[in-house]
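What follows is start-v2.cif (mmCIF, C-alpha atoms and all ligand atoms).
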data_protein
loop_
_atom_site.label_atom_id
_atom_site.label_comp_id
_atom_site.auth_asym_id
_atom_site.auth_seq_id
_atom_site.Cartn_x
_atom_site.Cartn_y
_atom_site.Cartn_z
CA ALA O 1 -99.04 -163.16 -155.44
CA GLN O 2 -100.67 -160.11 -153.93
CA THR O 3 -104.11 -158.81 -154.81
CA VAL O 4 -104.55 -156.03 -157.36
CA TRP O 5 -102.47 -152.93 -156.53
CA GLY O 6 -103.78 -150.32 -154.13
CA TYR O 7 -102.66 -148.18 -151.23
CA ASP O 8 -102.90 -150.66 -148.36
CA SER O 9 -99.99 -152.38 -146.60
CA ASP O 10 -100.37 -155.61 -148.58
CA ASN O 11 -100.75 -154.02 -152.05
CA GLY O 12 -99.40 -150.48 -151.58
CA PRO O 13 -96.60 -148.38 -153.14
CA GLU O 14 -93.80 -150.35 -151.38
CA ARG O 15 -94.93 -153.55 -153.14
CA TRP O 16 -95.99 -152.25 -156.57
CA HIS O 17 -92.59 -153.21 -158.06
CA GLU O 18 -93.38 -156.90 -157.50
CA ASN O 19 -95.91 -156.82 -160.34
CA TYR O 20 -94.84 -153.56 -161.99
CA PRO O 21 -91.03 -153.45 -162.29
CA LEU O 22 -91.07 -149.92 -163.78
CA ALA O 23 -92.02 -148.71 -160.29
CA LYS O 24 -88.33 -148.98 -159.40
CA GLY O 25 -87.19 -146.88 -162.37
CA ASP O 26 -84.96 -143.80 -162.34
CA LYS O 27 -87.66 -141.33 -163.42
CA GLN O 28 -90.50 -142.07 -161.03
CA SER O 29 -93.16 -139.69 -159.72
CA PRO O 30 -94.13 -138.02 -157.52
CA ILE O 31 -91.07 -136.27 -156.13
CA GLU O 32 -90.30 -133.78 -153.41
CA ILE O 33 -89.50 -130.37 -154.91
CA ASN O 34 -86.99 -128.22 -153.00
CA SER O 35 -86.91 -124.65 -154.27
CA LYS O 36 -83.16 -124.46 -153.62
CA ASP O 37 -82.55 -127.20 -156.23
CA VAL O 38 -84.95 -125.78 -158.84
CA LYS O 39 -83.51 -124.09 -161.94
CA HIS O 40 -85.36 -121.08 -163.34
CA ASP O 41 -85.53 -121.55 -167.12
CA SER O 42 -86.31 -118.24 -168.89
CA SER O 43 -86.81 -120.15 -172.15
CA LEU O 44 -89.90 -121.89 -170.75
CA SER O 45 -92.98 -120.36 -172.40
CA SER O 46 -96.41 -120.19 -170.80
CA TRP O 47 -98.77 -123.12 -171.20
CA HIS O 48 -102.24 -122.76 -172.70
CA ALA O 49 -105.31 -124.93 -172.34
CA SER O 50 -108.14 -124.68 -174.82
CA TYR O 51 -110.80 -127.07 -173.60
CA ASP O 52 -114.23 -127.70 -175.13
CA PRO O 53 -116.83 -128.00 -172.32
CA GLY O 54 -118.75 -130.34 -174.60
CA ALA O 55 -115.92 -132.89 -174.39
CA ALA O 56 -116.76 -133.75 -170.76
CA LYS O 57 -118.58 -137.07 -170.59
CA THR O 58 -118.83 -138.86 -167.24
CA ILE O 59 -117.57 -138.93 -163.65
CA LEU O 60 -116.58 -142.27 -162.16
CA ASN O 61 -115.55 -143.82 -158.84
CA ASN O 62 -113.11 -146.60 -159.85
CA GLY O 63 -112.39 -147.56 -156.27
CA ARG O 64 -109.06 -145.72 -156.33
CA THR O 65 -110.02 -142.17 -157.25
CA CYS O 66 -112.78 -139.96 -158.59
CA ARG O 67 -112.23 -139.48 -162.34
CA VAL O 68 -113.85 -137.26 -164.98
CA VAL O 69 -113.37 -138.53 -168.54
CA PHE O 70 -113.39 -136.48 -171.72
CA ASP O 71 -113.84 -137.27 -175.41
CA ASP O 72 -110.27 -137.51 -176.73
CA THR O 73 -111.07 -138.93 -180.19
CA PHE O 74 -109.84 -135.71 -181.85
CA ASP O 75 -108.08 -132.45 -180.89
CA ARG O 76 -111.09 -131.13 -179.01
CA SER O 77 -109.62 -130.18 -175.62
CA VAL O 78 -105.91 -129.56 -175.82
CA LEU O 79 -102.97 -128.31 -173.79
CA ARG O 80 -100.00 -126.69 -175.53
CA GLY O 81 -96.97 -124.52 -174.81
CA GLY O 82 -94.85 -124.47 -171.68
CA PRO O 83 -92.38 -127.37 -171.93
CA LEU O 84 -94.53 -129.12 -174.53
CA THR O 85 -94.07 -129.49 -178.28
CA GLY O 86 -97.42 -129.72 -180.05
CA ALA O 87 -100.94 -130.12 -178.70
CA TYR O 88 -101.72 -132.78 -176.09
CA ARG O 89 -105.29 -134.08 -175.80
CA LEU O 90 -107.13 -133.95 -172.47
CA ARG O 91 -108.24 -137.49 -171.58
CA GLN O 92 -109.25 -137.41 -167.93
CA LEU O 93 -108.83 -135.68 -164.62
CA HIS O 94 -108.74 -137.24 -161.15
CA LEU O 95 -107.59 -136.51 -157.62
CA HIS O 96 -105.43 -137.87 -154.79
CA TRP O 97 -106.23 -136.96 -151.21
CA GLY O 98 -105.52 -137.78 -147.57
CA SER O 99 -107.47 -138.94 -144.53
CA SER O 100 -107.00 -135.48 -142.99
CA ASP O 101 -106.26 -131.98 -144.25
CA ASP O 102 -102.55 -132.08 -143.35
CA HIS O 103 -101.61 -134.53 -146.13
CA GLY O 104 -102.88 -136.07 -149.35
CA SER O 105 -100.91 -134.56 -152.20
CA GLU O 106 -98.38 -136.70 -154.08
CA HIS O 107 -95.81 -134.05 -154.88
CA VAL O 108 -94.39 -132.32 -151.80
CA ILE O 109 -93.19 -128.72 -152.10
CA ASP O 110 -90.47 -127.57 -149.68
CA GLY O 111 -91.81 -130.06 -147.17
CA VAL O 112 -95.42 -128.96 -147.63
CA LYS O 113 -98.01 -131.69 -148.21
CA TYR O 114 -101.29 -130.30 -149.53
CA ALA O 115 -104.69 -131.76 -148.68
CA ALA O 116 -105.14 -133.02 -152.23
CA GLU O 117 -103.67 -132.95 -155.73
CA LEU O 118 -105.71 -132.78 -158.92
CA HIS O 119 -104.24 -134.29 -162.11
CA MET O 120 -105.32 -133.36 -165.63
CA VAL O 121 -103.98 -136.08 -167.92
CA HIS O 122 -103.22 -135.30 -171.58
CA TRP O 123 -101.57 -137.42 -174.30
CA ASN O 124 -99.59 -136.67 -177.44
CA PRO O 125 -101.63 -137.66 -180.53
CA LYS O 126 -98.44 -138.02 -182.60
CA HIS O 127 -98.20 -141.46 -180.93
CA GLY O 128 -101.54 -142.59 -182.38
CA ASN O 129 -103.41 -143.49 -179.22
CA PHE O 130 -103.11 -143.35 -175.43
CA ALA O 131 -101.64 -146.86 -175.20
CA GLY O 132 -98.95 -145.91 -177.72
CA ALA O 133 -98.24 -142.64 -175.91
CA LEU O 134 -97.52 -144.51 -172.67
CA LYS O 135 -94.44 -146.05 -174.32
CA GLN O 136 -92.92 -142.70 -175.26
CA PRO O 137 -90.95 -140.25 -173.09
CA ASP O 138 -92.98 -137.38 -174.59
CA GLY O 139 -96.22 -139.33 -174.62
CA VAL O 140 -98.16 -137.77 -171.75
CA ALA O 141 -98.47 -134.39 -170.02
CA VAL O 142 -100.09 -134.06 -166.61
CA VAL O 143 -101.02 -130.71 -165.08
CA GLY O 144 -100.96 -130.96 -161.30
CA ILE O 145 -102.94 -128.53 -159.16
CA PHE O 146 -102.58 -128.50 -155.37
CA LEU O 147 -105.66 -128.16 -153.19
CA LYS O 148 -105.36 -126.46 -149.82
CA VAL O 149 -108.05 -126.01 -147.19
CA GLY O 150 -108.95 -122.35 -146.74
CA ASN O 151 -111.72 -119.93 -145.99
CA THR O 152 -112.34 -118.72 -149.53
CA PRO O 153 -113.05 -121.99 -151.36
CA LYS O 154 -113.05 -121.93 -155.12
CA PRO O 155 -116.69 -122.18 -156.25
CA GLU O 156 -115.64 -124.01 -159.42
CA MET O 157 -114.76 -127.15 -157.39
CA LYS O 158 -118.42 -127.38 -156.37
CA ARG O 159 -119.46 -128.97 -159.66
CA ILE O 160 -117.21 -132.01 -159.13
CA LEU O 161 -118.00 -132.32 -155.43
CA GLU O 162 -121.76 -132.08 -156.00
CA GLU O 163 -121.51 -135.23 -158.10
CA ILE O 164 -119.85 -137.22 -155.30
CA ASP O 165 -123.24 -138.24 -153.89
CA ASN O 166 -124.00 -140.03 -157.17
CA ILE O 167 -120.75 -142.05 -157.28
CA LYS O 168 -120.32 -143.06 -153.64
CA THR O 169 -119.19 -146.62 -154.31
CA LYS O 170 -116.74 -148.39 -156.63
CA GLY O 171 -118.00 -148.75 -160.18
CA LYS O 172 -120.57 -145.97 -159.95
CA GLU O 173 -120.58 -143.59 -162.89
CA ALA O 174 -122.71 -140.54 -163.64
CA PRO O 175 -123.03 -138.21 -166.62
CA PHE O 176 -120.77 -135.18 -166.29
CA GLN O 177 -121.26 -132.81 -169.17
CA HIS O 178 -120.78 -129.19 -170.13
CA PHE O 179 -117.70 -128.80 -167.95
CA ASP O 180 -114.58 -126.83 -168.79
CA PRO O 181 -111.87 -127.92 -166.31
CA SER O 182 -109.79 -124.80 -166.99
CA ILE O 183 -112.07 -123.01 -164.51
CA LEU O 184 -110.13 -124.95 -161.85
CA PHE O 185 -106.83 -123.27 -162.70
CA PRO O 186 -105.47 -120.77 -160.15
CA LYS O 187 -104.79 -117.16 -161.17
CA SER O 188 -101.05 -117.61 -161.62
CA ARG O 189 -99.69 -119.71 -164.49
CA ASP O 190 -96.34 -120.21 -162.70
CA TYR O 191 -95.24 -123.83 -162.81
CA TRP O 192 -92.48 -126.36 -162.18
CA THR O 193 -91.75 -128.98 -164.82
CA TYR O 194 -89.76 -132.20 -164.82
CA HIS O 195 -89.81 -135.59 -166.50
CA GLY O 196 -91.39 -138.43 -164.57
CA SER O 197 -93.91 -141.22 -164.48
CA PHE O 198 -97.47 -142.14 -163.73
CA THR O 199 -97.86 -142.22 -159.94
CA THR O 200 -99.96 -145.37 -160.29
CA PRO O 201 -98.98 -148.76 -161.71
CA PRO O 202 -97.59 -149.64 -164.23
CA CYS O 203 -95.75 -146.34 -163.52
CA GLU O 204 -94.63 -145.75 -167.10
CA GLU O 205 -91.98 -143.01 -167.40
CA CYS O 206 -93.80 -141.09 -170.13
CA ILE O 207 -94.86 -137.92 -168.37
CA THR O 208 -93.92 -134.28 -168.69
CA TRP O 209 -95.18 -132.93 -165.37
CA ILE O 210 -96.46 -129.36 -165.19
CA LEU O 211 -97.09 -128.54 -161.51
CA LEU O 212 -98.82 -125.24 -160.79
CA ARG O 213 -97.18 -123.26 -158.04
CA GLU O 214 -100.38 -121.57 -156.78
CA PRO O 215 -102.72 -123.95 -154.95
CA ILE O 216 -106.49 -123.59 -155.26
CA GLU O 217 -108.58 -123.41 -152.12
CA VAL O 218 -111.26 -125.84 -151.04
CA SER O 219 -113.28 -125.83 -147.83
CA ALA O 220 -112.92 -128.37 -145.04
CA ASP O 221 -116.45 -129.52 -145.89
CA GLN O 222 -115.45 -130.07 -149.51
CA MET O 223 -112.50 -132.21 -148.39
CA ALA O 224 -114.85 -134.15 -146.11
CA LYS O 225 -117.10 -134.69 -149.11
CA LEU O 226 -114.22 -136.15 -151.10
CA ARG O 227 -113.38 -138.43 -148.17
CA SER O 228 -116.98 -139.68 -148.12
CA LEU O 229 -116.25 -141.71 -151.26
CA SER O 230 -115.92 -145.44 -150.67
CA LYS O 231 -113.48 -147.97 -152.13
CA ASN O 232 -116.00 -150.79 -151.88
CA PRO O 233 -118.76 -151.66 -154.31
CA GLU O 234 -122.40 -151.00 -153.32
CA ASN O 235 -123.86 -153.27 -150.61
CA GLU O 236 -120.41 -154.24 -149.29
CA PRO O 237 -118.83 -153.11 -146.01
CA VAL O 238 -117.79 -149.46 -146.22
CA ILE O 239 -114.09 -148.77 -146.77
CA PRO O 240 -113.40 -145.04 -147.00
CA LEU O 241 -111.56 -143.99 -150.17
CA VAL O 242 -108.78 -141.93 -148.60
CA ASP O 243 -104.96 -141.80 -148.75
CA ASN O 244 -104.80 -142.74 -152.44
CA TRP O 245 -101.40 -141.03 -152.86
CA ARG O 246 -97.96 -142.39 -153.68
CA PRO O 247 -95.11 -141.00 -151.55
CA PRO O 248 -92.23 -139.06 -153.17
CA GLN O 249 -89.73 -141.16 -155.16
CA PRO O 250 -85.95 -140.72 -155.68
CA VAL O 251 -85.11 -137.72 -157.86
CA LYS O 252 -81.99 -139.53 -159.23
CA GLY O 253 -80.32 -136.42 -160.52
CA ARG O 254 -83.28 -135.05 -162.46
CA ILE O 255 -83.51 -131.28 -162.90
CA VAL O 256 -86.75 -129.54 -161.94
CA ARG O 257 -87.20 -126.33 -163.91
CA ALA O 258 -89.32 -123.36 -162.86
CA SER O 259 -91.10 -120.97 -165.22
CA PHE O 260 -90.74 -118.27 -162.56
CA LYS O 261 -87.93 -116.67 -160.53
N1 LIG O 301 -101.66 -140.19 -161.04
S1 LIG O 301 -101.24 -140.28 -162.57
O1 LIG O 301 -99.80 -140.17 -162.67
O2 LIG O 301 -101.97 -139.31 -163.36
N2 LIG O 301 -101.63 -141.78 -163.04
C1 LIG O 301 -102.44 -142.17 -163.99
N3 LIG O 301 -102.60 -143.49 -164.23
C2 LIG O 301 -103.56 -143.99 -165.17
C3 LIG O 301 -103.89 -143.05 -166.25
C4 LIG O 301 -104.04 -141.66 -165.75
N4 LIG O 301 -103.09 -141.25 -164.74
ZN ZN O 302 -102.89 -138.83 -160.47
#

Let me see the file written as structure tokens.
Amino acid sequence: AQTVWGYDSDNGPERWHENYPLAKGDKQSPIEINSKDVKHDSSLSSWHASYDPGAAKTILNNGRTCRVVFDDTFDRSVLRGGPLTGAYRLRQLHLHWGSSDDHGSEHVIDGVKYAAELHMVHWNPKHGNFAGALKQPDGVAVVGIFLKVGNTPKPEMKRILEEIDNIKTKGKEAPFQHFDPSILFPKSRDYWTYHGSFTTPPCEECITWILLREPIEVSADQMAKLRSLSKNPENEPVIPLVDNWRPPQPVKGRIVRASFK
């Protein structure tokens, strides 16, 4: 038996299926999106987030990513519209990134790998709770935002990156309040949508993905800051927390729709 899942050669994405059989399913994520195969769907409406800054609670290094958690005990911060029916509750956001600026995102767009990918995870309260939602095809909605390194970094990312110093090692958590994650959205609301899975084990196929076409910009220093996180607990040998991304999975005939032409 291998150790708990991760992104290394002995516990990485190629071996997840040994303990998590869903990882070999027909609707896995991420995927490579090729614009030539995308279908523009004029019936797709625009998505809307109405988030309560007071719902933000803490920021955590869980040894696999940096995660901000929100109060999702009622419809306080919700996402609706686009491909979704009803209001989905914001539960947490986290990121995936590389060991250098030329890779790190999970979804790949026309061959382009971005430096990082930010996921805002929402669940459908009609299924009672998050655990119940994981078992449903319409249980979860994740908004994916690509991060690219540029010269006009988005100031709104600063808030998350400033907290990195307080959660350097696995298990560290810090208060993270009065934060409205919709400030991270790019100008354009254009998106791709398709049905897929969590990109981490158990890889349940319960996700309506909403991937924003316009990346947001971060600075090289901000990416370096993200890469200064460690996988290891405090007072153990330093293992940089980098390359926590799953490679693209087989599309298996799925249709990716675009809200734009
Ligand atoms: N990268 S992902 O698909 O969002 N995976 C997740 N797994 C655990 C719960 C939140 N999200
Ligand atoms: Zn993710």

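In this structure, CA of Leu226 in chain O sits 19.3 Å away from atom C2 of ligand LIG 301 (chain O).
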
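Atom N1 of ligand LIG 301 (chain O) to CA of Thr200 in chain O spans 5.5 Å [interatomic distance, one decimal].
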
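Across the structure, CA of Ile164 in chain O and CA of Lys113 in chain O are spaced 23.6 Å apart.
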
Of O:Lys27, O:Lys57, O:His96, O:Arg76, the one sitting nearest Cys203 in chain O when using all atoms listed in the file is O:Lys27

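If all atoms listed in the file are the atoms counted, then among O:Gly196, O:Gly54, O:Gly12, O:Pro247 the closest residue to Gln136 in chain O is O:Gly196.
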
Which one is closest to Ser50 in chain O: O:Arg91, O:Lys135, O:Arg189, O:Arg80? Count all atoms listed in the file.
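Once distances to Ser50 in chain O are computed over all atoms listed in the file, the minimum belongs to O:Arg80.
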